[in-house]
Amino acid sequence: MSKKFMFTSLTLFTVILVATMVCFAFTLLTKEQALKEVFWSGAQIETETVELTGETLENIKKRLGGSMVYEQQDSESAKVKEKHTVEFNFGLKDGKKRGVAIIDVEPGKWGPVEFITAMDLKGTVKKVKVMSYQEQRGRPIARSSFLNQYRGKSSRSPMTVGKDIVGISGATISSRAATFAVKKAIVIYEEVYLKK
């Protein structure tokens with residue numbers, strides 16, 4: 001076999017592999033669509049960006065088990081960088097804040113999964129949606145039947161996959177990442193706004 005043939009074959013294999021992985025990337029909702037989905041019709045959106053630092057950041061990490069990103073025991077899950085800047089998207093009605101939504105990205109097995117968690121101003125979950133994912137077996141996490149389990153949850157609610165949350169069979173990492181994203185949204189909102 002010639003070197004040219006092997007190089008061409010390897011290049012073709014790499015292109016096919018990358019194309020196959022890209023085929024599983026799904027965008028379900030843009031930011032604008034997601035905000036319309038989680039808030040009421042005609043809601044005005046006011047976005048506040050907050051840099052998490054000092055004691056606030058320490059408290060958040062402590063409440064989340066030491067990390068701002070869901071960490072799977074094995075190293076098979078996709079990597080996502082920890083961010084310390086958070087956008088709080090407030091839904092306004094008659095000029096007054098009535099709800100808040102946080103968009104978060106957590107690692108799934110095959111790639112990042114983007115979630116939006118909407119809460120009332122007391123930090124109780126109203127809606128959760130998957131905005132995008134790259135999962136092969138984790139697609140059911142985008143279904144309402146799975147995401148509706150988080151409705152009504154707060155920081156006082158137990159949220160353990162397999163116990164309080166019915167996970168998706170064959171998509172344990174995605175189910176746990178979703179649960180972490182919801183917990184994280186609640187904790188960040190409480191530490192930044194409710195503990196002032």
# chains A, B, ... in the order shown; residues from 1 in each chain; ligands from 1
>>> residues_around(residues="A:Phe26", least_positions_apart="5", cutoff="8 Å", atoms="only C-alpha atoms", output="list in words")
Ser132, Tyr133 and Gln134 of chain A
>>> write_last_selection(atoms="N, CA and C atoms", output="short mmCIF file (atom, residue, chain, number, x, y, z; two decimals), in the first residue's frame")
data_model
loop_
_atom_site.label_atom_id
_atom_site.label_comp_id
_atom_site.auth_asym_id
_atom_site.auth_seq_id
_atom_site.Cartn_x
_atom_site.Cartn_y
_atom_site.Cartn_z
N SER A 132 -30.33 22.71 23.16
CA SER A 132 -29.52 21.99 22.16
C SER A 132 -28.81 20.83 22.84
N TYR A 133 -28.47 19.82 22.04
CA TYR A 133 -27.74 18.67 22.56
C TYR A 133 -27.03 17.95 21.43
N GLN A 134 -26.10 17.07 21.81
CA GLN A 134 -25.38 16.26 20.85
C GLN A 134 -25.43 14.80 21.27
#
>>> residues_around(residues="stretch 181-192 of chain A", least_positions_apart="4", cutoff="7 Å", atoms="only C-alpha atoms", output="PDB file with N, CA and C atoms, in the first residue's frame")
ATOM      1  N   THR A  56     -19.728  34.629  47.400  1.00  0.00           N
ATOM      2  CA  THR A  56     -20.878  34.141  46.629  1.00  0.00           C
ATOM      3  C   THR A  56     -20.474  32.929  45.802  1.00  0.00           C
ATOM      4  N   ILE A  60     -21.762  28.987  46.268  1.00  0.00           N
ATOM      5  CA  ILE A  60     -22.393  28.266  45.156  1.00  0.00           C
ATOM      6  C   ILE A  60     -21.682  26.939  44.927  1.00  0.00           C
ATOM      7  N   LEU A  64     -23.008  23.034  45.413  1.00  0.00           N
ATOM      8  CA  LEU A  64     -23.067  22.156  44.231  1.00  0.00           C
ATOM      9  C   LEU A  64     -22.056  21.008  44.306  1.00  0.00           C
ATOM     10  N   ILE A 102     -32.459  31.072  33.610  1.00  0.00           N
ATOM     11  CA  ILE A 102     -31.006  30.958  33.478  1.00  0.00           C
ATOM     12  C   ILE A 102     -30.702  29.904  32.428  1.00  0.00           C
ATOM     13  N   ASP A 104     -27.886  27.438  30.802  1.00  0.00           N
ATOM     14  CA  ASP A 104     -26.681  26.770  31.275  1.00  0.00           C
ATOM     15  C   ASP A 104     -26.281  25.663  30.312  1.00  0.00           C
ATOM     16  N   GLU A 106     -24.170  22.061  30.215  1.00  0.00           N
ATOM     17  CA  GLU A 106     -23.555  20.994  31.001  1.00  0.00           C
ATOM     18  C   GLU A 106     -23.055  19.891  30.071  1.00  0.00           C
ATOM     19  N   THR A 117     -33.625  27.049  32.534  1.00  0.00           N
ATOM     20  CA  THR A 117     -34.446  26.786  33.716  1.00  0.00           C
ATOM     21  C   THR A 117     -35.125  28.084  34.107  1.00  0.00           C
ATOM     22  N   GLY A 123     -37.604  31.314  43.601  1.00  0.00           N
ATOM     23  CA  GLY A 123     -36.658  30.258  43.279  1.00  0.00           C
ATOM     24  C   GLY A 123     -37.283  28.892  43.090  1.00  0.00           C
ATOM     25  N   SER A 154     -37.526  23.209  44.363  1.00  0.00           N
ATOM     26  CA  SER A 154     -36.816  24.352  44.939  1.00  0.00           C
ATOM     27  C   SER A 154     -35.567  23.812  45.623  1.00  0.00           C
ATOM     28  N   SER A 155     -34.839  24.665  46.308  1.00  0.00           N
ATOM     29  CA  SER A 155     -33.615  24.214  46.978  1.00  0.00           C
ATOM     30  C   SER A 155     -33.923  23.234  48.110  1.00  0.00           C
ATOM     31  N   ALA A 177     -26.937  15.301  34.252  1.00  0.00           N
ATOM     32  CA  ALA A 177     -26.540  16.653  33.831  1.00  0.00           C
ATOM     33  C   ALA A 177     -27.733  17.600  33.887  1.00  0.00           C
ATOM     34  N   LYS A 196     -29.496  38.483  49.465  1.00  0.00           N
ATOM     35  CA  LYS A 196     -29.032  39.869  49.613  1.00  0.00           C
ATOM     36  C   LYS A 196     -29.572  40.469  50.881  1.00  0.00           C
TER      37      LYS A 196
END
>>> select_by_dssp(residues="stretch 44-167 of chain A", states="strand (DSSP E or B)", output="MDAnalysis selection string")
chainID A and resid 44:51 85:93 96:107 112:119 125:133 161 165
>>> residues_around(residues="A:Gly162", least_positions_apart="2", cutoff="12 Å", atoms="only C-alpha atoms", output="JSON, numbers by chain")
{"A": [158, 159, 160, 164, 165, 166, 167, 168, 169, 171, 172, 173, 175, 176, 179]}
>>> write_last_selection(atoms="N, CA, C and O atoms", output="CSV table (one decimal), in the first residue's frame")
chain,number,residue,atom,x,y,z
A,158,PRO,N,-35.6,17.3,47.3
A,158,PRO,CA,-34.6,16.4,46.9
A,158,PRO,C,-34.6,16.1,45.4
A,158,PRO,O,-35.7,16.1,44.8
A,159,MET,N,-33.5,16.1,44.8
A,159,MET,CA,-33.4,15.8,43.3
A,159,MET,C,-32.2,14.9,43.0
A,159,MET,O,-31.1,15.3,42.7
A,160,THR,N,-32.5,13.6,43.1
A,160,THR,CA,-31.5,12.6,42.8
A,160,THR,C,-32.1,11.7,41.8
A,160,THR,O,-33.2,11.2,41.9
A,164,ASP,N,-35.5,10.5,43.2
A,164,ASP,CA,-36.6,11.6,43.1
A,164,ASP,C,-36.9,11.9,41.7
A,164,ASP,O,-38.0,12.4,41.4
A,165,ILE,N,-36.0,11.7,40.8
A,165,ILE,CA,-36.1,12.0,39.4
A,165,ILE,C,-36.0,10.7,38.6
A,165,ILE,O,-35.0,10.0,38.8
A,166,VAL,N,-37.0,10.4,37.8
A,166,VAL,CA,-36.9,9.1,36.9
A,166,VAL,C,-36.0,9.5,35.8
A,166,VAL,O,-36.3,10.3,34.9
A,167,GLY,N,-34.8,8.8,35.7
A,167,GLY,CA,-33.9,9.1,34.6
A,167,GLY,C,-34.3,8.4,33.4
A,167,GLY,O,-35.2,7.6,33.3
A,168,ILE,N,-33.5,8.7,32.3
A,168,ILE,CA,-33.8,8.1,31.0
A,168,ILE,C,-32.9,6.9,30.9
A,168,ILE,O,-31.6,7.0,31.0
A,169,SER,N,-33.5,5.7,30.6
A,169,SER,CA,-32.7,4.5,30.4
A,169,SER,C,-31.7,4.6,29.3
A,169,SER,O,-32.1,5.1,28.2
A,171,ALA,N,-29.3,6.8,29.2
A,171,ALA,CA,-28.9,8.2,29.2
A,171,ALA,C,-28.7,8.7,30.6
A,171,ALA,O,-29.2,9.8,30.9
A,172,THR,N,-28.0,8.0,31.4
A,172,THR,CA,-27.8,8.3,32.8
A,172,THR,C,-27.0,9.6,32.9
A,172,THR,O,-27.4,10.5,33.7
A,173,ILE,N,-26.0,9.8,32.1
A,173,ILE,CA,-25.2,11.0,32.2
A,173,ILE,C,-26.0,12.3,31.8
A,173,ILE,O,-26.0,13.3,32.5
A,175,SER,N,-29.3,12.5,32.1
A,175,SER,CA,-30.3,12.7,33.1
A,175,SER,C,-29.7,13.4,34.3
A,175,SER,O,-30.3,14.4,34.9
A,176,ARG,N,-28.5,13.0,34.7
A,176,ARG,CA,-27.8,13.7,35.8
A,176,ARG,C,-27.4,15.1,35.5
A,176,ARG,O,-27.4,16.0,36.3
A,179,THR,N,-30.4,17.3,35.9
A,179,THR,CA,-30.7,17.6,37.3
A,179,THR,C,-29.7,18.5,37.9
A,179,THR,O,-30.1,19.5,38.6
>>> residues_around(residues="stretch 89-101 of chain A", least_positions_apart="6", cutoff="10 Å", atoms="only C-alpha atoms", output="number ranges by chain")
A: 34-36, 38-49, 116-128, 185-186, 189
>>> atom_distance(atom1="atom CA of A:Ile103", atom2="atom CA of A:Phe115")
5.6 Å
>>> select_by_dssp(residues="stretch 5-155 of chain A", states="helix (DSSP H, G or I)", output="mmCIF file with N, CA and C atoms, in the first residue's frame")
data_model
loop_
_atom_site.group_PDB
_atom_site.id
_atom_site.type_symbol
_atom_site.label_atom_id
_atom_site.label_comp_id
_atom_site.auth_asym_id
_atom_site.auth_seq_id
_atom_site.Cartn_x
_atom_site.Cartn_y
_atom_site.Cartn_z
ATOM 1 N N PHE A 5 -2.091 6.484 -0.615
ATOM 2 C CA PHE A 5 -3.370 5.791 -0.443
ATOM 3 C C PHE A 5 -3.758 5.743 1.034
ATOM 4 N N MET A 6 -2.780 5.436 1.911
ATOM 5 C CA MET A 6 -3.068 5.370 3.355
ATOM 6 C C MET A 6 -3.461 6.743 3.885
ATOM 7 N N PHE A 7 -2.751 7.783 3.442
ATOM 8 C CA PHE A 7 -3.079 9.134 3.890
ATOM 9 C C PHE A 7 -4.488 9.524 3.443
ATOM 10 N N THR A 8 -4.824 9.223 2.193
ATOM 11 C CA THR A 8 -6.150 9.537 1.653
ATOM 12 C C THR A 8 -7.226 8.770 2.410
ATOM 13 N N SER A 9 -6.970 7.503 2.690
ATOM 14 C CA SER A 9 -7.936 6.671 3.423
ATOM 15 C C SER A 9 -8.150 7.196 4.833
ATOM 16 N N LEU A 10 -7.057 7.560 5.500
ATOM 17 C CA LEU A 10 -7.147 8.090 6.860
ATOM 18 C C LEU A 10 -7.893 9.416 6.878
ATOM 19 N N THR A 11 -7.618 10.278 5.915
ATOM 20 C CA THR A 11 -8.310 11.567 5.817
ATOM 21 C C THR A 11 -9.801 11.356 5.593
ATOM 22 N N LEU A 12 -10.158 10.456 4.692
ATOM 23 C CA LEU A 12 -11.559 10.166 4.401
ATOM 24 C C LEU A 12 -12.258 9.614 5.636
ATOM 25 N N PHE A 13 -11.601 8.710 6.357
ATOM 26 C CA PHE A 13 -12.167 8.142 7.579
ATOM 27 C C PHE A 13 -12.423 9.242 8.609
ATOM 28 N N THR A 14 -11.466 10.159 8.782
ATOM 29 C CA THR A 14 -11.608 11.263 9.740
ATOM 30 C C THR A 14 -12.782 12.162 9.367
ATOM 31 N N VAL A 15 -12.912 12.483 8.087
ATOM 32 C CA VAL A 15 -14.027 13.324 7.615
ATOM 33 C C VAL A 15 -15.365 12.643 7.894
ATOM 34 N N ILE A 16 -15.450 11.348 7.617
ATOM 35 C CA ILE A 16 -16.695 10.602 7.865
ATOM 36 C C ILE A 16 -17.006 10.560 9.354
ATOM 37 N N LEU A 17 -15.991 10.340 10.191
ATOM 38 C CA LEU A 17 -16.187 10.303 11.633
ATOM 39 C C LEU A 17 -16.702 11.640 12.159
ATOM 40 N N VAL A 18 -16.079 12.725 11.737
ATOM 41 C CA VAL A 18 -16.518 14.059 12.165
ATOM 42 C C VAL A 18 -17.932 14.345 11.670
ATOM 43 N N ALA A 19 -18.221 14.002 10.432
ATOM 44 C CA ALA A 19 -19.569 14.230 9.874
ATOM 45 C C ALA A 19 -20.611 13.443 10.647
ATOM 46 N N THR A 20 -20.272 12.219 11.043
ATOM 47 C CA THR A 20 -21.199 11.394 11.818
ATOM 48 C C THR A 20 -21.488 12.032 13.169
ATOM 49 N N MET A 21 -20.441 12.543 13.817
ATOM 50 C CA MET A 21 -20.632 13.172 15.125
ATOM 51 C C MET A 21 -21.462 14.443 14.997
ATOM 52 N N VAL A 22 -21.233 15.226 13.968
ATOM 53 C CA VAL A 22 -21.967 16.462 13.762
ATOM 54 C C VAL A 22 -23.437 16.182 13.485
ATOM 55 N N CYS A 23 -23.727 15.072 12.858
ATOM 56 C CA CYS A 23 -25.116 14.719 12.530
ATOM 57 C C CYS A 23 -25.986 14.614 13.766
ATOM 58 N N LYS A 31 -32.024 31.235 21.854
ATOM 59 C CA LYS A 31 -32.238 31.929 23.128
ATOM 60 C C LYS A 31 -33.591 32.642 23.132
ATOM 61 N N GLU A 32 -33.889 33.346 22.046
ATOM 62 C CA GLU A 32 -35.162 34.084 21.960
ATOM 63 C C GLU A 32 -36.358 33.139 22.034
ATOM 64 N N GLN A 33 -36.281 32.019 21.307
ATOM 65 C CA GLN A 33 -37.372 31.039 21.328
ATOM 66 C C GLN A 33 -37.523 30.426 22.716
ATOM 67 N N ALA A 34 -36.403 30.117 23.346
ATOM 68 C CA ALA A 34 -36.437 29.504 24.671
ATOM 69 C C ALA A 34 -37.085 30.433 25.693
ATOM 70 N N LEU A 35 -36.729 31.720 25.638
ATOM 71 C CA LEU A 35 -37.319 32.677 26.575
ATOM 72 C C LEU A 35 -38.827 32.811 26.358
ATOM 73 N N LYS A 36 -39.264 32.759 25.103
ATOM 74 C CA LYS A 36 -40.705 32.806 24.817
ATOM 75 C C LYS A 36 -41.401 31.553 25.339
ATOM 76 N N GLU A 37 -40.721 30.408 25.262
ATOM 77 C CA GLU A 37 -41.297 29.141 25.728
ATOM 78 C C GLU A 37 -41.491 29.103 27.244
ATOM 79 N N VAL A 38 -40.538 29.690 27.987
ATOM 80 C CA VAL A 38 -40.591 29.557 29.448
ATOM 81 C C VAL A 38 -41.340 30.692 30.140
ATOM 82 N N GLY A 54 -15.746 35.813 44.945
ATOM 83 C CA GLY A 54 -15.635 35.805 46.400
ATOM 84 C C GLY A 54 -16.501 34.802 47.116
ATOM 85 N N GLU A 55 -17.122 35.273 48.187
ATOM 86 C CA GLU A 55 -17.938 34.414 49.048
ATOM 87 C C GLU A 55 -19.142 33.836 48.300
ATOM 88 N N THR A 56 -19.728 34.629 47.400
ATOM 89 C CA THR A 56 -20.878 34.141 46.629
ATOM 90 C C THR A 56 -20.474 32.929 45.802
ATOM 91 N N LEU A 57 -19.359 33.014 45.092
ATOM 92 C CA LEU A 57 -18.873 31.899 44.280
ATOM 93 C C LEU A 57 -18.536 30.699 45.161
ATOM 94 N N GLU A 58 -17.877 30.931 46.280
ATOM 95 C CA GLU A 58 -17.534 29.843 47.200
ATOM 96 C C GLU A 58 -18.784 29.125 47.695
ATOM 97 N N ASN A 59 -19.803 29.891 48.071
ATOM 98 C CA ASN A 59 -21.048 29.295 48.569
ATOM 99 C C ASN A 59 -21.740 28.462 47.491
ATOM 100 N N ILE A 60 -21.762 28.987 46.268
ATOM 101 C CA ILE A 60 -22.393 28.266 45.156
ATOM 102 C C ILE A 60 -21.682 26.939 44.927
ATOM 103 N N LYS A 61 -20.343 26.996 44.836
ATOM 104 C CA LYS A 61 -19.572 25.774 44.602
ATOM 105 C C LYS A 61 -19.777 24.763 45.731
ATOM 106 N N LYS A 62 -19.779 25.248 46.961
ATOM 107 C CA LYS A 62 -19.973 24.365 48.109
ATOM 108 C C LYS A 62 -21.325 23.664 48.022
ATOM 109 N N ARG A 63 -22.366 24.417 47.694
ATOM 110 C CA ARG A 63 -23.714 23.840 47.605
ATOM 111 C C ARG A 63 -23.861 22.876 46.428
ATOM 112 N N ARG A 139 -31.582 11.709 23.720
ATOM 113 C CA ARG A 139 -32.626 12.551 23.126
ATOM 114 C C ARG A 139 -33.883 12.677 23.987
ATOM 115 N N PRO A 140 -34.303 11.621 24.673
ATOM 116 C CA PRO A 140 -35.524 11.746 25.493
ATOM 117 C C PRO A 140 -35.444 12.782 26.610
ATOM 118 N N ILE A 141 -34.238 13.282 26.956
ATOM 119 C CA ILE A 141 -34.182 14.320 27.995
ATOM 120 C C ILE A 141 -34.845 15.610 27.530
ATOM 121 N N ALA A 142 -35.056 15.774 26.246
ATOM 122 C CA ALA A 142 -35.712 16.978 25.720
ATOM 123 C C ALA A 142 -37.233 16.857 25.777
ATOM 124 N N SER A 144 -40.998 16.617 27.274
ATOM 125 C CA SER A 144 -41.717 17.215 28.408
ATOM 126 C C SER A 144 -41.931 16.210 29.523
ATOM 127 N N SER A 145 -42.162 14.946 29.173
ATOM 128 C CA SER A 145 -42.418 13.919 30.199
ATOM 129 C C SER A 145 -41.229 13.788 31.156
ATOM 130 N N PHE A 146 -40.022 14.033 30.681
ATOM 131 C CA PHE A 146 -38.853 14.014 31.558
ATOM 132 C C PHE A 146 -38.692 15.355 32.264
ATOM 133 N N LEU A 147 -38.728 16.444 31.533
ATOM 134 C CA LEU A 147 -38.450 17.773 32.084
ATOM 135 C C LEU A 147 -39.515 18.261 33.058
ATOM 136 N N ASN A 148 -40.751 17.807 32.914
ATOM 137 C CA ASN A 148 -41.824 18.232 33.817
ATOM 138 C C ASN A 148 -41.601 17.761 35.255
ATOM 139 N N GLN A 149 -40.708 16.805 35.455
ATOM 140 C CA GLN A 149 -40.405 16.326 36.811
ATOM 141 C C GLN A 149 -39.793 17.419 37.685
ATOM 142 N N TYR A 150 -39.194 18.420 37.051
ATOM 143 C CA TYR A 150 -38.523 19.481 37.806
ATOM 144 C C TYR A 150 -39.473 20.600 38.224
#
>>> closest_residue(among="A:Met68, A:Arg143, A:Ser174, A:Leu52", to="A:Lys109", atoms="only C-alpha atoms")
A:Ser174
